[in-house]
Amino acid sequence: MKLTTRGHYSVKALLDLSLQPGYGPASVKAIAQRQDLPAPYLEKLLIEMRRAGLVLSVRGAQGGYQLARPPAQISLGKILEAVGESIDPLPHHTPDDSQAEDWVTFTLWNRLHQKLKEALYSISLEDLYFDARSWQASQGQASSFVV
């Protein structure tokens with residue numbers, strides 16, 4: 001599986017939102033600046049994630065986007081799914097009935113796909129947050145946070 005720009009930026013944006021005090025709103029511009037992302041592209045991704053129920057949009061001078069639920073309840077799989085990422089291993093492959101090796105390979109890839117899917121849906125935004133903080137602490141870095 002390869003994480004595309006869409007998936008990478010989406011995870012970075014939601015991880016950034018998880019750092020907001022009280023999970024309050026942050027503007028697209030602020031997220032884009034902190035994470036070094038193009039704001040127009042980020043806006044499109046956040047709209048898709050709003051439609052999927054992962055973020056809420058808040059109007060007004062202090063508005064922006066915020067998480068729709070706690071980080072522990074947002075999985076990496078849900079984020080990737082919200083922006084149209086596919087983890088299908090062999091989307092249009094049908095094994096050859098006459099070749100046992102083809103069936104074995106097909107079965108292997110399907111089993112690996114299932115395990116990958118389980119992993120993506122078991123890793124939460126909260127897990128990613130603590131992983132990043134642990135890495136920063138091991139590097140002696142301050143609390144600035146860029147994914």
# chains A, B, ... in the order shown; residues from 1 in each chain; ligands from 1
call {"tool": "select_by_dssp", "arguments": {"residues": "chain A", "states": "helix (DSSP H, G or I)", "output": "MDAnalysis selection string"}}
result
chainID A and resid 5:18 21:23 28:35 39:51 71:73 76:82 100:122 125:138
call {"tool": "select_by_dssp", "arguments": {"residues": "chain A", "states": "strand (DSSP E)", "output": "ChimeraX atom specification"}}
result
/A:55-58,64-67
call {"tool": "write_last_selection", "arguments": {"atoms": "all heavy atoms", "output": "compact mmCIF listing (two decimals), in the first residue's frame"}}
result
# COMPACT_ATOMS: atom_id res chain seq x y z
N VAL A 55 -14.77 15.81 10.92
CA VAL A 55 -14.54 17.17 11.40
C VAL A 55 -15.84 17.97 11.30
O VAL A 55 -16.76 17.59 10.57
CB VAL A 55 -13.42 17.90 10.62
CG1 VAL A 55 -12.08 17.21 10.79
CG2 VAL A 55 -13.76 18.05 9.15
N LEU A 56 -15.86 19.06 12.05
CA LEU A 56 -16.97 20.00 12.01
C LEU A 56 -16.42 21.33 11.53
O LEU A 56 -15.27 21.67 11.83
CB LEU A 56 -17.57 20.20 13.41
CG LEU A 56 -18.09 18.97 14.14
CD1 LEU A 56 -18.43 19.33 15.58
CD2 LEU A 56 -19.31 18.42 13.43
N SER A 57 -17.22 22.07 10.81
CA SER A 57 -16.80 23.42 10.45
C SER A 57 -17.50 24.40 11.38
O SER A 57 -18.69 24.24 11.68
CB SER A 57 -17.11 23.73 8.98
OG SER A 57 -18.49 23.62 8.73
N VAL A 58 -16.75 25.38 11.84
CA VAL A 58 -17.26 26.37 12.78
C VAL A 58 -17.14 27.73 12.10
O VAL A 58 -16.05 28.12 11.67
CB VAL A 58 -16.46 26.36 14.10
CG1 VAL A 58 -16.95 27.42 15.06
CG2 VAL A 58 -16.50 24.98 14.73
N GLY A 64 -13.29 27.79 12.00
CA GLY A 64 -12.37 26.93 11.26
C GLY A 64 -12.91 25.51 11.30
O GLY A 64 -14.12 25.29 11.26
N TYR A 65 -12.01 24.57 11.42
CA TYR A 65 -12.39 23.16 11.52
C TYR A 65 -11.94 22.61 12.86
O TYR A 65 -10.91 23.01 13.39
CB TYR A 65 -11.76 22.35 10.39
CG TYR A 65 -12.40 22.61 9.05
CD1 TYR A 65 -11.93 23.61 8.20
CD2 TYR A 65 -13.50 21.87 8.63
CE1 TYR A 65 -12.52 23.85 6.97
CE2 TYR A 65 -14.10 22.09 7.41
CZ TYR A 65 -13.61 23.08 6.59
OH TYR A 65 -14.21 23.31 5.38
N GLN A 66 -12.71 21.66 13.36
CA GLN A 66 -12.32 20.96 14.59
C GLN A 66 -12.76 19.50 14.47
O GLN A 66 -13.60 19.17 13.63
CB GLN A 66 -12.94 21.61 15.82
CG GLN A 66 -14.45 21.49 15.89
CD GLN A 66 -15.03 22.25 17.07
OE1 GLN A 66 -14.69 23.42 17.28
NE2 GLN A 66 -15.88 21.59 17.83
N LEU A 67 -12.17 18.67 15.30
CA LEU A 67 -12.53 17.26 15.28
C LEU A 67 -13.98 17.09 15.70
O LEU A 67 -14.46 17.77 16.61
CB LEU A 67 -11.62 16.46 16.23
CG LEU A 67 -10.13 16.43 15.88
CD1 LEU A 67 -9.37 15.64 16.94
CD2 LEU A 67 -9.90 15.84 14.51
call {"tool": "closest_residue", "arguments": {"among": "A:Pro21, A:Arg59, A:Val83, A:Lys29", "to": "Tyr9 (chain A)", "atoms": "only C-alpha atoms"}}
result
A:Val83
call {"tool": "closest_residue", "arguments": {"among": "A:Pro70, A:Thr105, A:Val11, A:Tyr41", "to": "Glu126 (chain A)", "atoms": "only C-alpha atoms"}}
result
A:Pro70
call {"tool": "atom_distance", "arguments": {"atom1": "CA of Ile31 (chain A)", "atom2": "CA of Leu15 (chain A)"}}
result
10.0 Å
call {"tool": "closest_residue", "arguments": {"among": "A:Trp109, A:Trp135, A:Tyr121, A:Tyr129", "to": "Leu14 (chain A)", "atoms": "only C-alpha atoms"}}
result
A:Tyr129
